[in-house]
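**Q** File follows, coords-v7.cif with mmCIF, C-alpha atoms and all ligand atoms:
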data_work
loop_
_atom_site.label_atom_id
_atom_site.label_comp_id
_atom_site.auth_asym_id
_atom_site.auth_seq_id
_atom_site.Cartn_x
_atom_site.Cartn_y
_atom_site.Cartn_z
CA MET K 1 0.00 0.00 0.00
CA VAL K 2 1.45 3.38 -0.97
CA VAL K 3 -1.44 5.71 -0.11
CA ARG K 4 -2.01 6.82 3.48
CA ILE K 5 -5.09 8.89 4.17
CA GLY K 6 -3.90 11.87 6.20
CA LYS K 7 -5.42 14.12 8.83
CA LYS K 8 -6.57 16.78 6.37
CA ALA K 9 -8.49 14.27 4.24
CA ARG K 10 -10.13 12.70 7.29
CA SER K 11 -11.26 16.02 8.66
CA ILE K 12 -12.71 17.17 5.30
CA MET K 13 -14.60 13.90 4.88
CA GLU K 14 -16.09 14.29 8.38
CA ARG K 15 -17.20 17.87 7.74
CA ASP K 16 -18.58 16.88 4.33
CA HIS K 17 -20.74 14.10 5.77
CA LYS K 18 -22.36 16.56 8.17
CA ILE K 19 -23.27 19.29 5.68
CA ILE K 20 -23.42 17.98 2.09
CA MET K 21 -26.70 16.55 0.77
CA THR K 22 -26.49 13.59 -1.63
CA THR K 23 -23.57 12.48 -3.80
CA THR K 24 -22.67 9.34 -5.74
CA ARG K 25 -19.34 8.81 -4.00
CA GLY K 26 -19.88 5.35 -2.50
CA SER K 27 -16.74 4.25 -0.73
CA SER K 28 -14.32 6.70 -2.35
CA ARG K 29 -11.71 8.22 -0.05
CA PHE K 30 -10.17 10.65 -2.51
CA VAL K 31 -10.09 14.23 -1.23
CA VAL K 32 -8.78 16.41 -4.00
CA GLY K 33 -5.69 18.55 -3.65
CA ARG K 34 -4.56 19.32 -7.19
CA GLY K 35 -4.16 17.77 -10.61
CA ASP K 36 -1.53 17.78 -13.30
CA GLY K 37 -1.47 15.82 -16.58
CA ASP K 38 -1.65 12.08 -15.87
CA PHE K 39 -1.83 12.61 -12.11
CA ALA K 40 -4.06 13.78 -9.29
CA TYR K 41 -2.87 14.50 -5.76
CA ASP K 42 -4.98 14.40 -2.62
CA VAL K 43 -4.94 17.06 0.13
CA ASP K 44 -2.25 15.17 2.01
CA GLY K 45 0.01 14.92 -1.03
CA ASN K 46 -0.72 11.31 -2.01
CA LYS K 47 -0.13 10.85 -5.75
CA PHE K 48 -2.53 8.94 -8.03
CA ILE K 49 -2.47 7.94 -11.68
CA ASP K 50 -5.83 8.99 -13.05
CA PHE K 51 -7.93 6.49 -15.02
CA SER K 52 -11.17 8.36 -14.29
CA THR K 53 -10.71 11.74 -15.99
CA PHE K 54 -12.91 12.91 -13.12
CA VAL K 55 -15.98 11.37 -14.77
CA SER K 56 -14.94 11.76 -18.37
CA VAL K 57 -14.14 15.47 -18.21
CA TYR K 58 -10.35 15.91 -18.39
CA ASN K 59 -9.75 14.43 -21.85
CA LEU K 60 -6.57 16.49 -22.29
CA GLY K 61 -5.08 15.80 -18.84
CA VAL K 62 -6.11 16.31 -15.22
CA ASN K 63 -6.87 19.99 -14.58
CA ALA K 64 -6.74 20.47 -18.38
CA ASN K 65 -3.49 21.70 -19.96
CA ARG K 66 -1.54 24.95 -19.69
CA GLU K 67 -3.09 26.37 -22.87
CA ILE K 68 -6.65 25.85 -21.59
CA ARG K 69 -5.84 27.22 -18.14
CA SER K 70 -4.23 30.36 -19.51
CA ALA K 71 -7.21 31.00 -21.85
CA VAL K 72 -9.50 30.83 -18.80
CA LYS K 73 -7.24 33.13 -16.77
CA GLY K 74 -7.13 35.67 -19.61
CA GLN K 75 -10.91 35.62 -20.04
CA VAL K 76 -11.57 35.89 -16.31
CA ASP K 77 -9.62 39.17 -16.20
CA LYS K 78 -11.75 40.59 -19.07
CA MET K 79 -15.31 39.38 -18.49
CA MET K 80 -16.66 36.17 -16.99
CA HIS K 81 -20.42 36.24 -17.35
CA ALA K 82 -21.87 38.20 -20.25
CA ALA K 83 -25.57 37.21 -20.28
CA PHE K 84 -25.22 35.53 -23.66
CA THR K 85 -28.96 34.94 -23.95
CA ASP K 86 -29.56 38.72 -23.76
CA TYR K 87 -26.37 40.33 -25.15
CA TYR K 88 -24.08 39.41 -28.03
CA SER K 89 -20.48 38.28 -27.58
CA GLU K 90 -18.01 36.87 -30.07
CA LEU K 91 -16.38 33.95 -28.27
CA PRO K 92 -19.51 31.74 -27.99
CA VAL K 93 -20.14 32.33 -31.71
CA THR K 94 -16.54 31.43 -32.61
CA PHE K 95 -16.71 28.31 -30.48
CA ALA K 96 -20.02 27.27 -32.05
CA GLU K 97 -18.42 27.64 -35.51
CA ASN K 98 -15.41 25.57 -34.39
CA LEU K 99 -17.58 22.89 -32.84
CA VAL K 100 -19.82 22.57 -35.87
CA SER K 101 -16.74 22.18 -38.08
CA MET K 102 -16.04 18.90 -36.19
CA MET K 103 -19.55 17.56 -36.82
CA PRO K 104 -21.18 16.03 -39.89
CA ASP K 105 -22.28 18.40 -42.66
CA GLY K 106 -25.60 20.13 -42.22
CA PHE K 107 -25.40 20.81 -38.49
CA GLY K 108 -25.46 24.33 -37.26
CA LYS K 109 -27.87 25.47 -34.65
CA VAL K 110 -26.07 25.45 -31.33
CA PHE K 111 -27.66 25.85 -27.90
CA TYR K 112 -25.59 26.39 -24.74
CA SER K 113 -26.33 25.27 -21.19
CA ASN K 114 -24.26 24.21 -18.20
CA SER K 115 -24.47 20.43 -17.90
CA GLY K 116 -25.32 17.17 -19.58
CA THR K 117 -28.79 17.01 -18.16
CA GLU K 118 -29.58 20.46 -19.53
CA ALA K 119 -28.18 19.53 -22.94
CA ILE K 120 -30.63 16.60 -22.92
CA GLU K 121 -33.53 18.71 -21.62
CA ALA K 122 -32.97 21.06 -24.53
CA ALA K 123 -32.90 18.13 -27.00
CA LEU K 124 -36.13 16.80 -25.48
CA LYS K 125 -37.93 20.12 -25.73
CA PHE K 126 -36.56 20.87 -29.22
CA SER K 127 -37.57 17.46 -30.58
CA ARG K 128 -41.10 17.90 -29.21
CA THR K 129 -41.49 21.30 -30.78
CA PHE K 130 -39.88 20.23 -34.08
CA THR K 131 -42.16 17.20 -34.46
CA LYS K 132 -45.21 18.27 -32.43
CA ARG K 133 -45.19 14.78 -30.87
CA GLN K 134 -45.28 13.97 -27.17
CA TYR K 135 -43.39 10.71 -26.53
CA ALA K 136 -39.68 10.02 -26.38
CA LEU K 137 -38.03 6.62 -26.49
CA ALA K 138 -34.87 5.66 -24.63
CA PHE K 139 -33.09 2.46 -23.60
CA TYR K 140 -32.70 0.35 -20.47
CA GLY K 141 -29.24 0.97 -19.10
CA GLY K 142 -29.26 4.48 -20.56
CA PHE K 143 -28.32 7.46 -18.42
CA HIS K 144 -29.34 10.90 -19.62
CA GLY K 145 -29.30 13.00 -16.45
CA ARG K 146 -31.28 13.69 -13.33
CA THR K 147 -33.58 16.64 -13.94
CA MET K 148 -37.20 15.66 -14.50
CA GLY K 149 -37.17 15.50 -18.31
CA SER K 150 -33.85 13.72 -18.67
CA LEU K 151 -34.61 11.53 -15.64
CA SER K 152 -37.73 10.30 -17.42
CA LEU K 153 -35.39 8.95 -20.11
CA THR K 154 -32.76 7.60 -17.70
CA ALA K 155 -33.15 3.89 -16.91
CA SER K 156 -29.79 2.71 -15.64
CA LYS K 157 -30.53 2.21 -11.92
CA SER K 158 -33.91 2.41 -10.22
CA VAL K 159 -32.41 4.35 -7.29
CA HIS K 160 -32.12 7.36 -9.61
CA LYS K 161 -35.92 7.43 -9.94
CA GLU K 162 -37.14 6.04 -6.63
CA GLY K 163 -39.47 8.51 -4.94
CA PHE K 164 -39.17 11.15 -7.66
CA GLY K 165 -42.08 10.27 -9.96
CA PRO K 166 -44.34 10.85 -11.78
CA PHE K 167 -42.26 11.29 -14.90
CA ASN K 168 -42.67 12.51 -18.47
CA SER K 169 -44.09 10.28 -21.17
CA ALA K 170 -41.02 8.17 -21.96
CA LEU K 171 -40.88 4.70 -23.47
CA HIS K 172 -38.02 2.28 -22.84
CA ALA K 173 -36.68 -0.63 -24.84
CA PRO K 174 -33.79 -3.07 -24.31
CA TYR K 175 -30.33 -1.91 -25.46
CA ALA K 176 -27.97 -4.27 -27.27
CA TYR K 177 -26.05 -5.39 -24.18
CA CYS K 178 -24.78 -8.53 -25.87
CA TYR K 179 -22.80 -9.90 -22.90
CA ARG K 180 -26.11 -10.05 -21.05
CA CYS K 181 -28.58 -10.26 -23.92
CA PRO K 182 -32.06 -9.48 -22.54
CA PHE K 183 -33.44 -12.07 -24.96
CA GLY K 184 -30.95 -14.77 -23.96
CA LYS K 185 -29.52 -14.84 -27.48
CA GLU K 186 -26.00 -14.58 -28.82
CA TYR K 187 -24.67 -12.08 -31.33
CA PRO K 188 -24.40 -12.38 -34.35
CA GLY K 189 -26.91 -15.24 -34.58
CA CYS K 190 -29.54 -13.27 -32.70
CA GLY K 191 -31.26 -11.68 -35.71
CA MET K 192 -31.11 -8.38 -33.78
CA ALA K 193 -34.04 -9.34 -31.55
CA CYS K 194 -33.62 -6.02 -29.72
CA VAL K 195 -34.35 -4.03 -32.90
CA ASP K 196 -37.38 -6.22 -33.66
CA TYR K 197 -38.66 -5.71 -30.13
CA ILE K 198 -38.88 -1.95 -30.65
CA LYS K 199 -40.87 -2.45 -33.85
CA LYS K 200 -43.17 -5.19 -32.54
CA TYR K 201 -43.73 -4.16 -28.95
CA THR K 202 -42.68 -0.61 -28.11
CA LEU K 203 -44.06 0.97 -31.25
CA GLY K 204 -46.44 -1.87 -32.08
CA LYS K 205 -48.25 -2.05 -28.76
CA GLU K 206 -47.26 0.78 -26.42
CA ALA K 207 -47.24 3.95 -28.48
CA SER K 208 -47.63 4.63 -32.15
CA GLY K 209 -44.43 5.66 -33.96
CA LYS K 210 -46.43 8.66 -35.18
CA GLU K 211 -46.49 10.01 -31.64
CA VAL K 212 -42.81 9.58 -30.82
CA SER K 213 -40.72 12.74 -31.17
CA ALA K 214 -37.25 11.31 -30.62
CA ILE K 215 -35.17 8.28 -29.78
CA PHE K 216 -32.47 9.11 -27.23
CA MET K 217 -29.46 6.84 -27.51
CA GLU K 218 -25.98 6.74 -26.05
CA PRO K 219 -23.81 5.37 -28.89
CA VAL K 220 -21.86 3.58 -26.14
CA GLN K 221 -23.69 3.30 -22.82
CA GLY K 222 -21.67 4.94 -20.04
CA GLU K 223 -23.22 4.78 -16.57
CA GLY K 224 -25.06 1.64 -17.69
CA GLY K 225 -21.77 -0.29 -17.81
CA TYR K 226 -19.66 0.79 -20.81
CA VAL K 227 -21.70 -1.23 -23.26
CA VAL K 228 -20.75 -1.15 -26.94
CA PRO K 229 -23.64 -2.18 -29.21
CA PRO K 230 -23.17 -3.93 -32.57
CA LYS K 231 -23.27 -1.69 -35.66
CA GLU K 232 -26.52 -3.39 -36.79
CA PHE K 233 -28.28 -2.23 -33.64
CA VAL K 234 -27.35 1.40 -34.16
CA GLU K 235 -28.27 1.17 -37.85
CA GLY K 236 -31.55 -0.55 -36.95
CA VAL K 237 -32.45 2.24 -34.53
CA ARG K 238 -31.69 4.86 -37.20
CA ASP K 239 -33.93 2.96 -39.65
CA ILE K 240 -36.79 2.83 -37.15
CA ALA K 241 -36.45 6.58 -36.64
CA ASP K 242 -36.49 7.20 -40.40
CA GLU K 243 -39.45 4.89 -41.03
CA ASN K 244 -41.54 6.74 -38.45
CA GLY K 245 -40.40 10.34 -38.87
CA ILE K 246 -38.77 10.20 -35.43
CA LEU K 247 -35.66 12.25 -34.63
CA LEU K 248 -32.53 10.48 -33.39
CA VAL K 249 -30.79 12.20 -30.49
CA ALA K 250 -27.24 11.03 -29.79
CA ASP K 251 -26.34 11.51 -26.15
CA GLU K 252 -22.61 12.12 -26.55
CA VAL K 253 -22.24 13.61 -23.06
CA GLN K 254 -19.88 10.84 -21.99
CA SER K 255 -18.89 9.18 -25.24
CA GLY K 256 -18.17 12.29 -27.30
CA TYR K 257 -15.18 14.58 -27.69
CA MET K 258 -12.78 11.99 -29.15
CA ARG K 259 -13.17 9.60 -26.21
CA THR K 260 -13.84 6.68 -28.59
CA GLY K 261 -11.20 7.77 -31.12
CA LYS K 262 -13.72 9.76 -33.19
CA PHE K 263 -15.03 13.18 -32.26
CA LEU K 264 -18.53 11.76 -32.01
CA ALA K 265 -18.93 8.17 -30.84
CA LEU K 266 -21.82 7.70 -33.27
CA ASP K 267 -19.36 8.15 -36.15
CA ASN K 268 -17.89 4.74 -35.27
CA PHE K 269 -21.12 3.19 -36.55
CA GLY K 270 -21.41 5.20 -39.76
CA VAL K 271 -24.71 6.66 -38.52
CA LYS K 272 -25.75 10.29 -38.09
CA ALA K 273 -28.15 11.70 -35.53
CA ASP K 274 -30.50 14.66 -35.93
CA ILE K 275 -29.54 16.21 -32.62
CA TYR K 276 -26.32 15.79 -30.61
CA ALA K 277 -26.08 16.52 -26.88
CA MET K 278 -22.63 17.10 -25.39
CA ALA K 279 -21.20 18.13 -22.01
CA LYS K 280 -18.43 16.87 -19.70
CA ALA K 281 -15.18 17.07 -21.77
CA VAL K 282 -16.57 19.67 -24.18
CA GLY K 283 -16.15 22.33 -21.44
CA GLY K 284 -12.43 21.62 -21.06
CA GLY K 285 -12.91 21.39 -17.26
CA LEU K 286 -15.58 24.06 -16.74
CA PRO K 287 -19.36 23.46 -16.76
CA LEU K 288 -20.80 23.50 -20.27
CA GLY K 289 -23.62 21.71 -22.04
CA VAL K 290 -24.13 21.96 -25.80
CA THR K 291 -27.04 20.81 -27.94
CA VAL K 292 -26.47 20.86 -31.69
CA THR K 293 -29.31 20.36 -34.16
CA ARG K 294 -29.47 19.55 -37.86
CA LYS K 295 -29.87 22.89 -39.68
CA SER K 296 -32.86 21.71 -41.70
CA LEU K 297 -34.88 21.32 -38.48
CA GLY K 298 -34.97 25.09 -38.25
CA ASP K 299 -35.12 27.25 -35.15
CA ILE K 300 -37.38 27.31 -32.14
CA PRO K 301 -39.29 30.47 -31.20
CA ALA K 302 -37.16 33.24 -29.66
CA GLY K 303 -37.37 33.27 -25.88
CA SER K 304 -38.97 29.83 -25.69
CA HIS K 305 -35.96 28.13 -24.14
CA ALA K 306 -32.96 29.74 -22.45
CA ASN K 307 -30.85 29.81 -19.29
CA THR K 308 -28.83 32.46 -17.47
CA PHE K 309 -25.33 30.99 -17.68
CA GLY K 310 -25.34 29.22 -21.08
CA GLY K 311 -22.46 30.69 -23.08
CA ASN K 312 -20.63 31.81 -19.93
CA LEU K 313 -17.40 33.32 -21.21
CA ALA K 314 -15.04 31.60 -18.77
CA ALA K 315 -16.54 28.20 -19.68
CA ILE K 316 -16.48 28.98 -23.41
CA ALA K 317 -12.87 30.19 -23.17
CA ALA K 318 -11.93 26.81 -21.70
CA ALA K 319 -14.01 24.99 -24.31
CA ASP K 320 -12.60 26.92 -27.24
CA ALA K 321 -8.97 26.58 -26.10
CA SER K 322 -9.55 22.87 -25.56
CA LEU K 323 -11.15 22.39 -28.98
CA SER K 324 -8.45 24.43 -30.72
CA TYR K 325 -5.80 22.22 -29.09
CA LEU K 326 -7.71 19.09 -30.09
CA LYS K 327 -8.10 20.26 -33.70
CA ARG K 328 -4.45 21.28 -34.05
CA ASN K 329 -3.26 17.95 -32.65
CA GLN K 330 -6.06 15.77 -33.98
CA THR K 331 -3.93 13.37 -36.03
CA SER K 332 -1.45 12.64 -33.28
CA ILE K 333 -4.13 12.43 -30.58
CA GLN K 334 -6.16 9.95 -32.65
CA LYS K 335 -3.04 7.90 -33.38
CA GLY K 336 -2.23 7.95 -29.66
CA ILE K 337 -5.75 6.80 -28.76
CA ARG K 338 -5.45 3.81 -31.13
CA LYS K 339 -2.13 2.77 -29.61
CA ARG K 340 -3.30 3.19 -26.02
CA SER K 341 -6.63 1.49 -26.69
CA ALA K 342 -4.91 -1.56 -28.17
CA ALA K 343 -2.50 -1.69 -25.22
CA ILE K 344 -5.30 -1.57 -22.63
CA ILE K 345 -7.62 -3.99 -24.39
CA GLY K 346 -4.73 -6.39 -25.11
CA ARG K 347 -3.69 -6.37 -21.46
CA LEU K 348 -7.27 -6.80 -20.19
CA GLU K 349 -7.88 -9.68 -22.60
CA GLU K 350 -4.79 -11.43 -21.21
CA MET K 351 -6.10 -10.78 -17.70
CA LYS K 352 -9.45 -12.24 -18.70
CA GLU K 353 -7.69 -15.52 -19.54
CA ARG K 354 -5.88 -15.50 -16.21
CA TYR K 355 -8.60 -14.46 -13.76
CA GLU K 356 -12.02 -16.07 -13.35
CA ILE K 357 -13.61 -12.84 -12.09
CA LEU K 358 -12.91 -10.79 -15.22
CA GLY K 359 -15.90 -11.71 -17.35
CA ASP K 360 -15.95 -9.23 -20.22
CA VAL K 361 -13.72 -6.60 -21.78
CA ARG K 362 -15.20 -4.12 -24.23
CA GLY K 363 -14.67 -0.64 -25.49
CA LEU K 364 -14.02 1.79 -28.27
CA GLY K 365 -10.93 4.00 -28.25
CA LEU K 366 -10.31 5.02 -24.65
CA MET K 367 -13.83 4.32 -23.45
CA ILE K 368 -13.16 0.87 -22.05
CA GLY K 369 -15.04 -1.26 -19.54
CA ALA K 370 -14.03 -4.39 -17.63
CA GLU K 371 -16.98 -6.31 -16.22
CA PHE K 372 -16.44 -8.52 -13.19
CA VAL K 373 -18.38 -11.72 -12.45
CA LYS K 374 -18.35 -14.31 -9.69
CA ASP K 375 -18.26 -17.09 -12.24
CA LYS K 376 -17.67 -16.93 -16.01
CA LYS K 377 -20.46 -19.41 -16.73
CA THR K 378 -23.26 -18.00 -14.57
CA LYS K 379 -22.07 -14.39 -15.11
CA GLU K 380 -23.34 -13.49 -11.65
CA PRO K 381 -22.17 -9.88 -11.15
CA ALA K 382 -19.21 -9.57 -8.78
CA VAL K 383 -20.47 -6.40 -7.13
CA ARG K 384 -18.49 -6.44 -3.89
CA GLU K 385 -15.37 -7.71 -5.67
CA ARG K 386 -15.57 -4.80 -8.13
CA GLU K 387 -15.65 -2.37 -5.15
CA ARG K 388 -12.71 -4.12 -3.53
CA ILE K 389 -10.67 -3.87 -6.74
CA ILE K 390 -11.35 -0.13 -6.95
CA GLU K 391 -10.38 0.29 -3.28
CA GLU K 392 -7.23 -1.81 -3.67
CA CYS K 393 -6.24 0.29 -6.70
CA PHE K 394 -6.86 3.47 -4.70
CA ASP K 395 -4.60 2.20 -1.90
CA ASN K 396 -1.88 1.71 -4.49
CA GLY K 397 -2.26 5.05 -6.26
CA LEU K 398 -4.75 4.51 -9.10
CA LEU K 399 -8.06 6.37 -9.42
CA LEU K 400 -10.89 4.39 -11.04
CA LEU K 401 -14.66 4.72 -11.23
CA PRO K 402 -17.36 2.05 -11.42
CA ALA K 403 -20.13 1.80 -14.04
CA GLY K 404 -23.18 -0.45 -14.26
CA THR K 405 -23.58 -3.28 -11.75
CA SER K 406 -20.06 -4.71 -11.73
CA THR K 407 -18.00 -2.90 -14.36
CA ILE K 408 -14.93 -0.70 -13.93
CA ARG K 409 -14.43 2.07 -16.46
CA ILE K 410 -10.97 2.72 -17.81
CA ILE K 411 -11.00 6.25 -19.10
CA PRO K 412 -7.58 7.89 -18.72
CA PRO K 413 -6.85 11.25 -20.34
CA LEU K 414 -6.53 10.76 -24.12
CA THR K 415 -3.01 12.11 -23.74
CA VAL K 416 -1.90 9.74 -20.96
CA SER K 417 1.76 8.68 -21.28
CA ILE K 418 2.47 5.03 -22.07
CA GLU K 419 4.52 4.86 -18.87
CA SER K 420 1.60 5.99 -16.67
CA LEU K 421 -0.73 3.71 -18.58
CA GLU K 422 1.44 0.67 -17.98
CA LYS K 423 1.94 1.52 -14.32
CA GLY K 424 -1.82 1.94 -13.90
CA LEU K 425 -2.50 -1.40 -15.57
CA ASP K 426 0.06 -3.08 -13.30
CA ILE K 427 -1.75 -1.69 -10.26
CA LEU K 428 -5.07 -2.87 -11.69
CA GLU K 429 -3.79 -6.36 -12.41
CA ASN K 430 -2.33 -6.70 -8.91
CA ALA K 431 -5.68 -5.65 -7.47
CA VAL K 432 -7.62 -8.12 -9.62
CA LYS K 433 -5.18 -10.86 -8.61
CA ALA K 434 -5.49 -10.00 -4.90
CA VAL K 435 -9.29 -9.91 -4.98
CA SER K 436 -9.84 -12.93 -7.23
CA GLY K 437 -7.49 -15.19 -5.29
CA ASP K 438 -6.50 -16.91 -8.60
C1 LIG K 501 -24.51 9.91 -21.22
C2 LIG K 501 -24.82 10.94 -20.18
N1 LIG K 501 -25.82 11.81 -20.41
C3 LIG K 501 -26.14 12.78 -19.53
C4 LIG K 501 -25.44 12.89 -18.34
C5 LIG K 501 -25.80 13.98 -17.37
O1 LIG K 501 -24.78 14.90 -17.31
P1 LIG K 501 -24.65 15.90 -16.06
O2 LIG K 501 -24.24 15.08 -14.90
O3 LIG K 501 -23.61 16.90 -16.50
O4 LIG K 501 -25.98 16.53 -15.87
C6 LIG K 501 -24.40 12.00 -18.06
C7 LIG K 501 -23.65 12.09 -16.79
O5 LIG K 501 -22.96 11.21 -16.38
C8 LIG K 501 -24.08 11.00 -19.01
O6 LIG K 501 -23.08 10.14 -18.80
#
Any chance you could put this one into structure tokens?

**A**
Amino acid sequence: MVVRIGKKARSIMERDHKIIMTTTRGSSRFVVGRGDGDFAYDVDGNKFIDFSTFVSVYNLGVNANREIRSAVKGQVDKMMHAAFTDYYSELPVTFAENLVSMMPDGFGKVFYSNSGTEAIEAALKFSRTFTKRQYALAFYGGFHGRTMGSLSLTASKSVHKEGFGPFNSALHAPYAYCYRCPFGKEYPGCGMACVDYIKKYTLGKEASGKEVSAIFMEPVQGEGGYVVPPKEFVEGVRDIADENGILLVADEVQSGYMRTGKFLALDNFGVKADIYAMAKAVGGGLPLGVTVTRKSLGDIPAGSHANTFGGNLAAIAAADASLSYLKRNQTSIQKGIRKRSAAIIGRLEEMKERYEILGDVRGLGLMIGAEFVKDKKTKEPAVRERERIIEECFDNGLLLLPAGTSTIRIIPPLTVSIESLEKGLDILENAVKAVSGD
């Protein structure tokens, strides 16, 4: 064990428990001090390799990079908040132009907010007003946020919804979680039963396709367990949308911004959405939500949807500096992602052979999940073991986050050095070995 929780951390945790309402922390003992590149340090100076990007935010290194930080500092000295919904300013326009240049052709109405849930709320409201239809369809395992509209779509853990209903008119269908196929079938011989289900049951029996405004889909499910669907599923969902005049909303809040090796995760499947929702990494470390619609959908009435802080200049300065860096270094960053992705997946696959509790390894680019099971045959989720692995890694200087019932997400900065990556994987393997007893 290399990490020793010090006095400062203990005292902050105690004070926190007395005053702070609800969080998702679970058993984490990390009390932040500072961050730098591949590393995060706690208040007592303990050093950690970061495989969490602080929930998929720091794609260009912990606490962003020097270029992003200095853009924020410069903007803060000029003007922080500029009431972008009431007054004009140039930077949010420039950033919108830069962002749209990374997206498929034909996109170009950009709406700013402050978080992922707001980016989804906007997509939900826009799709209703564009189509004049009331329902929205989303998937089991999907996470779209926790405000009432987005929460109606979220279906990854019932605790998120318990006691908060009633909800908006949302429909849910099974996602293509092939490791645990809801239909008990095996890909590719399954005939895409999950796509058929939507046609036969959701739209055949529950609500007419004519009344559904949008299908909300994470191209790779994040909170639900880092689930990568087959291409045919994503194509099938796009076809269903087209056949019924339904809009497809890609929730790229977690999967976007080059995390999967492409700017938009949906691009990995050769499919385009009608609306994209982004947040997390797009803000370069500051709070920003962005909803981008297909130009041909038009505009929504002036004043009908807005928020005070959307387009905040400090947040947009971070976002624009981050995007400029990403664009300038796109080729090398993408090459780096491919190399790092292959190294992680290769190592995890070897571990899967060695340890009974590592049941499944899946991912795209640097959005990688390792799912733990008590037994490879029964696939019973190894919930407590997954927690113990995360804790053991923490004790040895590696920050990790869970996803789904028994998955660990491996989402280092896209720019992580090979040395840090290998050290982190060594810590992870030692933890898996210790917990599995193999
Ligand atoms: C795919 C997805 N959509 C939406 C959200 C909600 O984002 P926020 O927490 O910024 O509201 C999240 C957050 O984890 C997410 O992963």

**Q** Pick out the residues no farther than 7 Å from ligand LIG 501 (chain K), counting all atoms listed in the file, and list them as a PyMOL selection string.

**A** chain K and resi 115-118+120+143-146+218+221-223+251-255+279-280

**Q** Which residue, K:Thr23, K:Thr291, K:Ser156, K:Ser436, has the smallest gap to Ala173 in chain K when you use only C-alpha atoms?

**A**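 Checking each candidate against Ala173 in chain K, we get K:Ser156 as the closest.
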
**Q** Could you list, as a list in words, every residue within 10 Å of Ile408 in chain K, counting only C-alpha atoms and ignoring same-chain residues fewer than 4 positions away?

**A**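 Near neighbours after the sequence-gap exclusion: Ser52, Gly225, Tyr226, Val361, Ile368, Gly369, Ala370, Glu371, Phe372, Arg386, Glu387, Ile389, Ile390, Leu400, Leu401, Pro402, Ala403 and Gly404 of chain K.
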
**Q** Find the residues around Gln134 in chain K up to 10 Å (only C-alpha atoms counted), leave out those fewer than 2 positions away in its own chain, and share them as a ChimeraX atom specification.

**A** /K:124-125,127-129,131-132,136,168-170,210-214

**Q** Point out the residue among K:Arg388, K:Gln334, K:Thr415, K:Asp239 with the least atom-to-atom distance to Leu428 in chain K, counting all atoms listed in the file.

**A**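 Under the stated criterion, the closest residue is K:Arg388.
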
**Q** What is the distance, in Å and to one decimal place, between CA of Ala83 in chain K and CA of Leu313 in chain K?

**A**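 One can read the CA of Ala83 in chain K to CA of Leu313 in chain K distance as 9.1 Å.
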
**Q** How far is it from CA of Glu392 in chain K to CA of Gly261 in chain K, in Å with one decimal?

**A** 29.3 Å

**Q** Can you list, as a PDB file with C-alpha atoms, keeping the file's coordinate frame, every protein, DNA or RNA residue that comes within 6 Å of Ala138 in chain K when you count all atoms listed in the file, leaving out same-chain residues fewer than 2 positions away?

**A**
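What ended up in part.pdb:
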ATOM      1  CA  LEU K 153     -35.390   8.950 -20.110  1.00  0.00           C
ATOM      2  CA  HIS K 172     -38.020   2.280 -22.840  1.00  0.00           C
ATOM      3  CA  ILE K 215     -35.170   8.280 -29.780  1.00  0.00           C
ATOM      4  CA  PHE K 216     -32.470   9.110 -27.230  1.00  0.00           C
TER       5      PHE K 216
END

**Q** Distance CA of Ala207 in chain K-CA of Leu137 in chain K, one decimal place?

**A**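 So the answer is 9.8 Å.
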